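Participant: Here it is, the structure, as structure tokens.
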Amino acid sequence: MPIVTSTELFKKAYDGGYAIGAFNINNMEIVQAITEAAAELKSPVILQASQGARKYANSVYLVKLVEAAAELHPELPIVLHLDHGADFATCKDCVDNGFTSVMIDYSSHDFEANVEESRKVAEYAHERGAVVEAELGTLAGIEDAVSVDADKAMFTDPDQVEEFVNRTGVDSLAIAIGTSHGAYKFKPGTDPKLRLDILAEVSRRLPGFPIVLHGSSSVPQEYVRIINENGGALKDAIGIPEDQLREAAKGAVCKINIDSDLRLGLTAGVRQHFAEHPDHFDPRQYLTDGRKNVKDIVAHKITAVLGSDNKI
Ligand code: G3H
Ligand code: 13P
Ligand code: ZN
């Protein structure tokens, strides 16, 4: 199947009470792991590349890797998405070079600037058959290059969402309801809670409109343990409880972003491999174990969190 946009996938996900996983890609093994799990479970999937990923791998490689996956899994609907595009120029470059979906992330700018840049990107992308995600509100933590102090985290203001969507014409909206990027989302001893009340109010104001959650890794403790038992030092890594994401996926949330969990799985596989085989130095050996963990994690997300299995 050619690489598709998310329009039809989101419609079905909204009506069906599930969400599509948006998994970050940086290299071949990660693309393989995600698409193999999705194909086996008959789940549509979004492969997303951040600006950091495009710089690390070179965007041309990433596009070709995703095209290869699409060729190898002809039945699998795959969206190729730009994650956290910083400006119009970055989004334009992706639309011009094979991405079917782009995120313009002007959420750290003021409302009017966010409206204007998002509107410009939507106009350009729509003329070329691509779709656009924008963001309103600020996630605590690190958003690519932008660091936001957790205490100043701003939840999305439901009073702004209708005006924002109407004026920009974007196709989906990322909102801030307590998720954040990375593996350290909550302080130890606190009770991790998403503001599902804000999500409910946003969906009431935007009936049928696809909502996106960033920063949705759950930081599986088994992988943190494997990393720490094999030379790692990840202290107090805490993620979003899976049952709260499942709840969100049953409603208006159609896209859930996961990156950190894949990084943890890959790292755990590689560290464990080296601990058990200190004599190995062939990347195919240790990356096979890293890739296997990524595939297992994606399969778990699809069945236990997203509910997107058997939807093709
Ligand atoms: O939203 C952040 C993603 O996890 C991408 O992170 O900018 O380090 O590639 P990155
Ligand atoms: P995590 O760091 O929680 O995996 O979030 C990833 C993300 O939001 C990518 O845009
Ligand atoms: Zn994000």
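Identifiers for the structure tokens are assigned positionally: chains receive A, B, ... in sequence, residues are indexed from 1 per chain, and ligands are indexed from 1 in the order shown.
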Using only C-alpha atoms and all ligand atoms, what are the residues with an atom within 7 Å of ligand 2, set out as a short mmCIF file (atom, residue, chain, number, x, y, z; two decimals) with N, CA and C atoms, in the first residue's frame?

Facilitator:
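Dumped to part-v2.cif:
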data_model
loop_
_atom_site.label_atom_id
_atom_site.label_comp_id
_atom_site.auth_asym_id
_atom_site.auth_seq_id
_atom_site.Cartn_x
_atom_site.Cartn_y
_atom_site.Cartn_z
N ASN A 24 8.17 6.89 17.01
CA ASN A 24 9.31 7.62 16.44
C ASN A 24 10.33 6.69 15.82
N ASP A 83 7.42 14.93 13.10
CA ASP A 83 7.12 15.17 14.51
C ASP A 83 7.76 16.50 14.93
N HIS A 84 6.98 17.38 15.53
CA HIS A 84 7.48 18.67 16.04
C HIS A 84 8.23 19.51 15.00
N SER A 180 4.13 14.46 29.23
CA SER A 180 5.35 15.21 28.93
C SER A 180 6.35 14.27 28.27
N HIS A 181 7.33 14.86 27.62
CA HIS A 181 8.29 14.04 26.89
C HIS A 181 9.34 13.41 27.81
N GLY A 182 9.91 12.31 27.35
CA GLY A 182 11.04 11.71 28.05
C GLY A 182 10.63 10.63 29.06
N ALA A 183 11.60 10.18 29.82
CA ALA A 183 11.38 9.04 30.73
C ALA A 183 11.15 9.47 32.17
N HIS A 214 0.88 13.79 22.89
CA HIS A 214 2.33 13.60 22.87
C HIS A 214 2.76 13.06 24.23
N GLY A 215 4.05 12.75 24.34
CA GLY A 215 4.61 12.39 25.64
C GLY A 215 3.89 11.25 26.33
N SER A 216 3.55 10.21 25.57
CA SER A 216 2.68 9.17 26.13
C SER A 216 3.38 7.85 26.39
N SER A 217 4.67 7.88 26.61
CA SER A 217 5.35 6.66 27.01
C SER A 217 4.98 6.31 28.45
N ASN A 257 1.50 9.40 20.84
CA ASN A 257 2.93 9.42 20.48
C ASN A 257 3.79 8.66 21.48
N ILE A 258 4.61 7.77 20.96
CA ILE A 258 5.47 6.96 21.83
C ILE A 258 6.87 6.89 21.23
N ASP A 259 7.84 7.36 21.99
CA ASP A 259 9.23 7.30 21.58
C ASP A 259 10.09 6.72 22.71
N SER A 260 10.02 7.32 23.90
CA SER A 260 10.91 6.91 24.99
C SER A 260 10.83 5.41 25.28
N ASP A 261 9.63 4.84 25.24
CA ASP A 261 9.52 3.40 25.55
C ASP A 261 10.31 2.55 24.56
#

Participant: Write out as a ChimeraX atom specification which residues come within 12 Å of A:Glu276 when counting only C-alpha atoms, dropping same-chain ones fewer than 2 positions away.

Facilitator: /A:229-230,269-274,278-280,285-286,289

Participant: With a distance cut-off of 9 Å and only C-alpha atoms, select the neighbouring residues of stretch 58-71 of chain A, excluding the residue or stretch itself and same-chain residues fewer than 4 positions from it, and output the selection as a PyMOL selection string.

Facilitator: chain A and resi 1-3+25-28+31-32+35-36+47+49+51+53-54+75-78+80+94+97-99

Participant: Convert the current residue selection to file output with N, CA and C atoms, as a short mmCIF file (atom, residue, chain, number, x, y, z; two decimals), in the first residue's frame.

Facilitator:
data_model
loop_
_atom_site.label_atom_id
_atom_site.label_comp_id
_atom_site.auth_asym_id
_atom_site.auth_seq_id
_atom_site.Cartn_x
_atom_site.Cartn_y
_atom_site.Cartn_z
N MET A 1 0.85 -1.19 0.00
CA MET A 1 0.00 0.00 0.00
C MET A 1 0.89 1.25 0.00
N PRO A 2 0.52 2.25 -0.82
CA PRO A 2 1.33 3.47 -0.76
C PRO A 2 1.19 4.09 0.63
N ILE A 3 2.13 4.97 0.97
CA ILE A 3 2.06 5.64 2.27
C ILE A 3 0.82 6.56 2.23
N ILE A 25 10.83 7.08 14.65
CA ILE A 25 11.82 6.26 13.95
C ILE A 25 13.14 7.02 13.82
N ASN A 26 14.22 6.28 13.95
CA ASN A 26 15.57 6.86 13.81
C ASN A 26 16.48 6.01 12.94
N ASN A 27 16.14 4.73 12.80
CA ASN A 27 17.02 3.85 12.03
C ASN A 27 16.24 2.65 11.49
N MET A 28 16.92 1.80 10.76
CA MET A 28 16.26 0.68 10.08
C MET A 28 15.62 -0.30 11.06
N VAL A 31 12.28 0.96 12.38
CA VAL A 31 11.24 0.89 11.34
C VAL A 31 10.78 -0.55 11.17
N GLN A 32 11.73 -1.48 11.12
CA GLN A 32 11.36 -2.90 10.95
C GLN A 32 10.52 -3.39 12.12
N THR A 35 6.87 -1.85 12.11
CA THR A 35 5.99 -2.26 11.02
C THR A 35 5.71 -3.77 11.06
N GLU A 36 6.67 -4.57 11.54
CA GLU A 36 6.39 -6.00 11.68
C GLU A 36 5.31 -6.25 12.72
N LEU A 47 4.43 6.31 11.42
CA LEU A 47 5.87 6.37 11.66
C LEU A 47 6.24 7.84 11.62
N ALA A 49 9.08 11.06 12.27
CA ALA A 49 10.49 11.44 12.37
C ALA A 49 10.57 12.86 12.92
N GLN A 51 12.84 16.33 14.04
CA GLN A 51 13.94 17.04 13.36
C GLN A 51 15.28 16.42 13.74
N ALA A 53 15.79 13.29 14.43
CA ALA A 53 15.91 12.04 13.67
C ALA A 53 16.32 12.31 12.23
N ARG A 54 15.73 13.36 11.65
CA ARG A 54 16.05 13.69 10.26
C ARG A 54 17.50 14.13 10.13
N GLU A 75 -0.27 -4.61 2.71
CA GLU A 75 -1.61 -4.49 3.29
C GLU A 75 -1.68 -3.47 4.41
N LEU A 76 -0.53 -2.96 4.83
CA LEU A 76 -0.45 -2.14 6.04
C LEU A 76 -0.57 -0.64 5.73
N PRO A 77 -1.61 0.05 6.27
CA PRO A 77 -1.66 1.51 6.10
C PRO A 77 -0.59 2.17 6.98
N ILE A 78 0.35 2.86 6.32
CA ILE A 78 1.43 3.55 7.05
C ILE A 78 1.35 5.05 6.74
N LEU A 80 3.48 8.58 7.08
CA LEU A 80 4.83 9.11 7.37
C LEU A 80 4.67 10.56 7.82
N CYS A 94 9.29 18.61 4.20
CA CYS A 94 8.76 17.25 4.37
C CYS A 94 7.62 16.97 3.40
N ASN A 97 8.82 16.18 0.08
CA ASN A 97 9.71 15.01 -0.05
C ASN A 97 9.14 13.73 0.53
N GLY A 98 7.84 13.53 0.39
CA GLY A 98 7.27 12.21 0.65
C GLY A 98 6.52 12.03 1.95
N PHE A 99 6.55 13.03 2.85
CA PHE A 99 5.78 12.90 4.08
C PHE A 99 4.30 13.15 3.76
#

Participant: Given only C-alpha atoms and all ligand atoms as the basis, pick out the residue of A:Phe23, A:Phe186, A:Phe281, A:Tyr124 nearest to ligand 1.

Facilitator: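 Nearest candidate to ligand 1 out of A:Phe23, A:Phe186, A:Phe281, A:Tyr124: A:Phe23.
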
Participant: Using only C-alpha atoms, what table do you get, as CSV, when you list each residue of stretch 159-186 of chain A with an atom no more than 6 Å from stretch 135-139 of chain A, its nearest pair of atoms, and their distance in Å rounded to one decimal, rows by chain then rising number?

Facilitator:
residue,atom,partner,partner_atom,distance
A:Leu173,CA,A:Glu135,CA,5.6
A:Ala174,CA,A:Glu135,CA,4.5
A:Ile175,CA,A:Leu136,CA,5.6
A:Ala176,CA,A:Gly137,CA,5.3
A:Ser180,CA,A:Leu139,CA,5.2

Participant: Emit the selected residues as a PDB file, in the first residue's frame, including C-alpha atoms.

Facilitator:
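What ended up in out.pdb:
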ATOM      1  CA  LEU A 173      -4.752  19.004  17.441  1.00  0.00           C
ATOM      2  CA  ALA A 174      -2.182  18.028  20.068  1.00  0.00           C
ATOM      3  CA  ILE A 175      -3.248  19.131  23.539  1.00  0.00           C
ATOM      4  CA  ALA A 176      -1.513  19.351  26.904  1.00  0.00           C
ATOM      5  CA  SER A 180       5.351  15.213  28.934  1.00  0.00           C
TER       6      SER A 180
END

Participant: Point out the residue among A:Val298, A:Ile20, A:Ala57, A:Ile177 with the least atom-to-atom distance to ligand 1, counting only C-alpha atoms and all ligand atoms.

Facilitator: A:Ala57

Participant: So that I can check the secondary structure, give me every residue of stretch 164-245 of chain A assigned helix (DSSP H, G or I) by backbone DSSP, as JSON, numbers by chain.

Facilitator: {"A": [164, 165, 166, 167, 168, 196, 197, 198, 199, 200, 201, 202, 203, 204, 205, 221, 222, 223, 224, 225, 226, 227, 228, 229, 242, 243, 244, 245]}

Participant: Would you please work out which residue, of A:Val202, A:Val219, A:Met154, A:Ile238, is nearest to A:Gly178 when using only C-alpha atoms?

Facilitator: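 Ranked by minimum distance to A:Gly178, first place goes to A:Met154.
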
Participant: Would you kindly return, as an mmCIF file with C-alpha atoms, in the first residue's frame, each protein, DNA or RNA residue with an atom no farther than 8 Å from any atom of stretch 162-165 of chain A, considering only C-alpha atoms and excluding same-chain residues fewer than 5 positions away?

Facilitator:
data_model
loop_
_atom_site.group_PDB
_atom_site.id
_atom_site.type_symbol
_atom_site.label_atom_id
_atom_site.label_comp_id
_atom_site.auth_asym_id
_atom_site.auth_seq_id
_atom_site.Cartn_x
_atom_site.Cartn_y
_atom_site.Cartn_z
ATOM 1 C CA VAL A 115 -2.519 30.485 14.372
ATOM 2 C CA VAL A 170 -5.524 21.961 10.699
ATOM 3 C CA LEU A 173 -4.752 19.004 17.441
ATOM 4 C CA ARG A 205 -16.058 21.846 21.845
ATOM 5 C CA LEU A 206 -14.691 19.965 18.812
#
